[in-house]
Structures are given as structure tokens and as C-alpha cells.
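Since the structure comes first, as C-alpha cells, the remarks are kept for the end.
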Amino acid sequence: MAHKQSYEISMPDVAPSMAVSTKSLVDKESKKKFSIEFWWKITITLAVIIIAGFMIYKAVEDNNKNSSTKTNLSSVSNEQKTNTDEESTEGSILDCRAGSIVDSQATFTYQPYNSDKLYTTQGLEFSFEGIKKKLGDDSGITELPGAHYYYNIPRCEIGGKVQLDKEPIIRGPIVFAVDEQCTKAHYFSKGWKEYSSARNINCSAHGKEVTSVEESECLEGSIRNSNSSFVYLPHGASKTYRASGVEFSFEMIAKKIKLGSRLTKLDKLIASTSKVHYYYNIPRCKIGGGIQLYKEPIIRGPLIFAVDEQCSKTYYFNEGKGWRQYISARDITCLSHGKTRCFKDSLEDSYSTFSYVSSSISKRVNATGIQYNFTKLVEKLEHLTTDFNLTKIPELPSSQGKDASYYLNLHRCYNGGPHDLGATPPIGGASIFAINDDCTKVYYLSSSSYQWKSYVSAASIKCFNRQI
């Protein structure tokens, strides 16, 4: 009790200072508690905002992926006026070929609704389950009974999108299907639809009987010792390829590829040539007529092609549209016509030049000849002109020139045989001519009398490295 009394007695003396101290302590504790609670609330709020934002981002991204995958399946046809097959795509750039069926690919040519050009689409074959895996399970793609499914490898390799603004042009459906007979191509857009413009459909593993063909069978009926090749850039390719073929008559070419009356001749006037030469792609023939893009050796190029007499232009045949010139063709070679043919079997480094006055244009024209022995020169004429009966062509009589030399008119040979006095410079002179032993007179052969006649107006006659 004494302790309590003492405490009570002393209370009046200490009460004011204790009240102040207690209040200050409470205020400090309250502020501290409020500060901690305030920052916890801010932290929790920010965390909630961040998590919500991330969840919204993921939902939007997943939705875009689903939309993109479904859009990738679409393909434009002449009947469908949308561009969903090409413009809105986002594909995987992982191993595009993983899971594909070995040695099975397909190509076809089609014309998009918004283009006047033809494009070639190519793909590797996958099982239907493999295609679904490539596109995603929610792509919505369905099976097409009896079809083979192909994945557009060039598009896959650039991320699934199309490439229209630079070379190589890459477009076409990201997936397509081809029937068992390899006669119809389909694209997917809310169901499978057939390409009405599809042509030149090639399947390496189904359709036409896929068998190797003996080279002798491919060459049967060909023109002896006549072949051609050229380098070109295919549609959708990033590098050039060399195509080659062996020459056949038009009639034999038509039998080889079994197009019948659908195969038409190349118009000589359109090609600006005196003669058209037709070639059959032997490497393609040997693998059954198809192409081979995904294993060595790469085999492609037109199954048939045409070359002008000058061996300066090449053409491919497009069924329904006729012959079209290869704009990208270069390094064209021809064994039996054109510039290469002009020198074949000639006497090495032996030539002559002269000029004469052409009665047709009343101007002096220059002519250049490559020396041949007489027999070889007559053989050359068979490919250049039909003006002569080759069995009647005589040698230059010794009275006109002993040890005469014989020449093939080089520029007329380059021109395919005929002269062209309207060209710059004019192409003139006889197809063949002879020069006497001392290189002072030039003779041409008359097609009516088969007699050698002298160029009266010949001047500036020169002989180089002549061989007698």
C-alpha cells in the first residue's frame, strides 16, 4: 500500500511530462505503421497491375497467333477476292523440312487474282498430322480425302510471309494439297478449294508413274549431234540454273510429251528467225518428266524449249498461252546453229575480208568469211539455205583460180542464213565464196547455173592465215 500511495502522491508531479511523451510515441508509431501499410498497398497494387498487364499481353499475343495461323492457310484464287493466302502470315523459321516425307515434293504454276503473271509454288510433302503440327492444332485445317499435303518451303524459310517487293518473288499458299493423280491443286480457306488457274502440276512421288527412263529411250528420234543449253532464273528462285536439251523435230517433240494439238509451233515472225529449233530436256525425261528440287543433282527447267536460229533467244511453252520468251536467259549455247555452229569444222584462224557494191542498195557492203575445206563447206550449206542442190555444187575451175580457198559468210551464218541489207551494218554477200590463189579475185556461186562468177566490184580483198 505504501508503494501505491507513493505512486499516487507522485502522480501530480509527473503527469504533464508523461502525457506529452506518450502522445509523441503514439504519433511516431502511427506514422510508422501508416507508412509501412501505405508502401505495401502501393507494392501490391503495382504487382497486380503488372500481372494483369502480362496476362492481357499473353491473351492478345495468343489470339494474334491463332488468327495468323488460320490466315496462313488461306490462298487466293480467281474466285476469291481476298489476299489472305499471302499478306498476313507469320511462320516458323525453324527446320522447315523436319518431318517431311522423303523424296516427295510438288510444284505447280498458278495466276493470282491480282496479277497478270504466273508464279510457281513448291513444297515438300508431309502427313496430315505433320501439317497440323506445323500450323498448330488450332489452325482449323481439315483433311481432304485422297489428297497429299505440301508445305511451302520458300515461304517457311523467310518466316512464313510472302515476298513481293524484291527478288526472288516468293508467294503462294503456305500449305496446299494435290490429288492422287497429280492433276488438281487445292488451297485451304474455310475448307479446301481447287485452284482454277493451276497448271504444270508436278509430283515426284505420285500421280504419273514415277519411274526412271533409260537415256537411250529419251534420245530416240533426236537430231544427231545437236543440243542446246542456257542459264536462267526461275520464278521464286534466288539463284540461276542451267537447263539443257537435245534437238528433235517439232513432230517428234509433240509425240514425246503427248500434248497433241495443244502444242503449237513457235511463230517464226514473232521470234524474228528463219528457223525454230525444238529441244527436249533429257535430265527431266530420265526421271519421268518431273523436276527434282530438294536433292542433288537439282533437275529443273522446261520439259521442252525452243531456240531461234541465231541461238540468241530461248522460249518455254505455257499450255493455253503458247510460247513465251525467257527474259532472264543468258549464256545460250547451240551445237548445230547460231554462232557456235558457224566455226565448227572450220580451218583454224583462217579467214578473209572484202567489200563489194550491192545492186540492191547501191552501197558498198563488207563481207567476212571463215575458211573451210570444200567438202565441209558444202555440208554447212545444208543448214543455211535451200537455194542449192548440194550435189551440183562444183569446185572453182583451175582456169579461174588454181589452189582456190573456200569461205563461209560469217555474218550471214550468224543471222541464220539470210542476208539483211537493212541492218546496221548491212549483212550481205554470198552464203559461200571462193578466192583465187593470189587473193586478188572473189567468186560467188550462181544458184541458177551453178557456175562460179567473179565479184566485179570486189575491193580491199584480204586473206589471213590461208591454208591451201
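The way I read the labels, and the way they are meant: chains A, B, ... in the order of the C-alpha cells, residue 1 as the first residue of every chain, and ligand 1 as the first ligand shown, with later ones counted on from there.
Residues in contact with Arg262 of chain A at up to 12 Å, not including ones fewer than 5 positions away on its chain and judged by only C-alpha atoms, are Ala254, Lys255, Ile257, Phe317, Asn318, Glu319, Gly320, Lys321, Gly322 and Trp323 of chain A.
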- Could you give me, as an MDAnalysis selection string, the residues within 12 Å of Lys117 of chain A, counting only C-alpha atoms and dropping anything in the same chain fewer than 4 positions from it? chainID A and resid 109:113 169 197 235 318 321 324
- Message: Env of Arg330 of chain A: 8 Å cut, atoms = only C-alpha atoms, seq-sep filter 2 positions within chain, self excluded. Answer as a list in words.
- Response: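 Skipping anything fewer than 2 positions along the chain leaves Phe230, Val231, Tyr232, Ser328 and Ile332 of chain A.
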Using the selection just defined, write its residues with all heavy atoms as a compact mmCIF listing (two decimals), in the first residue's frame.
```
# COMPACT_ATOMS: atom_id res chain seq x y z
N PHE A 230 21.14 -23.32 -121.64
CA PHE A 230 21.11 -21.90 -121.29
C PHE A 230 20.96 -21.76 -119.78
O PHE A 230 20.51 -22.68 -119.09
CB PHE A 230 19.98 -21.16 -122.01
CG PHE A 230 18.59 -21.63 -121.63
CD1 PHE A 230 17.84 -20.99 -120.65
CD2 PHE A 230 18.03 -22.73 -122.26
CE1 PHE A 230 16.59 -21.43 -120.31
CE2 PHE A 230 16.75 -23.19 -121.93
CZ PHE A 230 16.03 -22.52 -120.95
N VAL A 231 21.34 -20.61 -119.27
CA VAL A 231 21.22 -20.29 -117.86
C VAL A 231 20.03 -19.36 -117.68
O VAL A 231 19.84 -18.43 -118.46
CB VAL A 231 22.50 -19.61 -117.33
CG1 VAL A 231 22.32 -19.12 -115.90
CG2 VAL A 231 23.68 -20.58 -117.43
N TYR A 232 19.21 -19.60 -116.65
CA TYR A 232 18.05 -18.75 -116.41
C TYR A 232 17.73 -18.69 -114.93
O TYR A 232 18.24 -19.49 -114.13
CB TYR A 232 16.83 -19.27 -117.18
CG TYR A 232 16.13 -20.45 -116.54
CD1 TYR A 232 14.86 -20.32 -115.99
CD2 TYR A 232 16.76 -21.70 -116.45
CE1 TYR A 232 14.22 -21.41 -115.39
CE2 TYR A 232 16.13 -22.78 -115.86
CZ TYR A 232 14.87 -22.63 -115.33
OH TYR A 232 14.24 -23.69 -114.72
N SER A 328 15.20 -13.84 -118.63
CA SER A 328 16.44 -13.96 -117.86
C SER A 328 17.49 -14.85 -118.51
O SER A 328 18.59 -14.99 -117.97
CB SER A 328 16.11 -14.52 -116.46
OG SER A 328 15.59 -15.84 -116.56
N ILE A 332 23.52 -18.74 -123.75
CA ILE A 332 22.84 -19.73 -124.59
C ILE A 332 23.86 -20.38 -125.53
O ILE A 332 24.61 -19.68 -126.20
CB ILE A 332 21.72 -19.07 -125.42
CG1 ILE A 332 20.78 -18.28 -124.49
CG2 ILE A 332 20.92 -20.10 -126.19
CD1 ILE A 332 19.81 -17.38 -125.24
```
- Item | strand (DSSP E or B) positions in segment 251-414 of chain A, given as a ChimeraX atom specification | /A:276-280,292,299,304-308,314-318,322-325,330-334,351-358,363-372,405-409
- Residue contacts of Ile468 of chain A (7 Å, only C-alpha atoms) excluding same-chain residues fewer than 2 positions away, as a list of chain:residue names: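 The residues that qualify are A:Asp403, A:Ser405, A:Arg466.
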Lys462 of chain A environment, 7 Å, only C-alpha atoms, sequence neighbours closer than 2 positions dropped, as an mmCIF file with N, CA, C and O atoms, in the first residue's frame:
```
data_model
loop_
_atom_site.group_PDB
_atom_site.id
_atom_site.type_symbol
_atom_site.label_atom_id
_atom_site.label_comp_id
_atom_site.auth_asym_id
_atom_site.auth_seq_id
_atom_site.Cartn_x
_atom_site.Cartn_y
_atom_site.Cartn_z
ATOM 1 N N SER A 352 38.973 -14.373 -144.352
ATOM 2 C CA SER A 352 39.223 -13.347 -145.371
ATOM 3 C C SER A 352 38.149 -12.273 -145.281
ATOM 4 O O SER A 352 37.054 -12.507 -144.744
ATOM 5 N N THR A 353 38.451 -11.086 -145.824
ATOM 6 C CA THR A 353 37.502 -9.978 -145.867
ATOM 7 C C THR A 353 37.566 -9.299 -147.228
ATOM 8 O O THR A 353 38.606 -9.318 -147.895
ATOM 9 N N PHE A 354 36.444 -8.736 -147.650
ATOM 10 C CA PHE A 354 36.404 -7.920 -148.867
ATOM 11 C C PHE A 354 35.158 -7.060 -148.819
ATOM 12 O O PHE A 354 34.287 -7.225 -147.940
ATOM 13 N N CYS A 439 44.836 -14.266 -153.925
ATOM 14 C CA CYS A 439 43.974 -13.381 -153.124
ATOM 15 C C CYS A 439 43.705 -12.054 -153.826
ATOM 16 O O CYS A 439 43.778 -10.983 -153.231
ATOM 17 N N SER A 460 39.458 -4.267 -151.624
ATOM 18 C CA SER A 460 40.036 -4.481 -150.286
ATOM 19 C C SER A 460 40.006 -5.963 -149.903
ATOM 20 O O SER A 460 39.648 -6.332 -148.766
ATOM 21 N N PHE A 464 43.833 -14.045 -144.484
ATOM 22 C CA PHE A 464 44.624 -14.193 -143.279
ATOM 23 C C PHE A 464 44.816 -15.671 -142.949
ATOM 24 O O PHE A 464 43.856 -16.439 -142.862
#
```
- Query: Could you name the residues that touch Gly221 of chain A at 9 Å or less, counting only C-alpha atoms, but leaving out those on the same chain fewer than 3 positions away, as JSON, numbers by chain?
  - Reply: {"A": [217, 218, 224, 248, 249, 252]}
- Task: Once DSSP has gone over the backbone, tell me which residues of segment 236-425 of chain A are in helix (DSSP H, G or I), as a ChimeraX atom specification.
- Result: /A:250-257,260-262,268-271,282-286,338-343,374-384,390-392,410-414
Please list as a compact mmCIF listing (two decimals) with N, CA and C atoms, in the first residue's frame every residue within 9 Å of Asn415 of chain A, counting only C-alpha atoms and excluding residues in the same chain fewer than 5 positions away.
```
# COMPACT_ATOMS: atom_id res chain seq x y z
N THR A 273 13.07 -15.04 -136.64
CA THR A 273 14.08 -16.02 -137.02
C THR A 273 13.66 -16.76 -138.27
N SER A 274 14.63 -17.25 -138.99
CA SER A 274 14.34 -18.01 -140.21
C SER A 274 13.97 -19.45 -139.91
N GLU A 309 17.19 -19.45 -134.64
CA GLU A 309 18.30 -19.89 -135.49
C GLU A 309 19.62 -19.24 -135.08
N GLN A 310 19.55 -18.01 -134.60
CA GLN A 310 20.77 -17.30 -134.22
C GLN A 310 21.32 -17.74 -132.86
N GLY A 338 23.48 -21.13 -134.83
CA GLY A 338 23.98 -19.96 -134.12
C GLY A 338 25.47 -19.79 -134.33
N LYS A 339 26.09 -18.95 -133.52
CA LYS A 339 27.49 -18.59 -133.71
C LYS A 339 28.43 -19.77 -133.50
N LEU A 410 30.46 -15.36 -142.63
CA LEU A 410 30.30 -15.43 -141.19
C LEU A 410 29.04 -14.71 -140.70
N ASP A 420 20.67 -9.42 -144.74
CA ASP A 420 19.83 -8.35 -144.20
C ASP A 420 20.50 -7.03 -144.52
N ILE A 427 24.11 -6.78 -143.72
CA ILE A 427 24.60 -8.16 -143.81
C ILE A 427 24.36 -8.62 -145.23
```
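The coordinates place atom CA of Ile101 of chain A at 27.7 Å from atom CA of Glu215 of chain A.
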- Query: When you draw a straight line from atom CA of Ser312 of chain A to atom CA of Val276 of chain A, how long is it in Å?
  - Reply: 11.5 Å
- Message: One decimal, in Å: what's the spacing between atom CA of Val175 of chain A and atom CA of Lys295 of chain A?
- Response: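 Interatomic distance here is 20.8 Å.
Among A:Tyr151, A:Ser222, A:Ile432, A:Phe108, the residue with the shortest atom-to-atom distance to Tyr195 of chain A, counting only C-alpha atoms, is A:Phe108.
Checking A:His411, A:His277, A:Lys441, A:Lys134 one by one against Asp95 of chain A, counting only C-alpha atoms, you find the shortest gap at A:Lys134.
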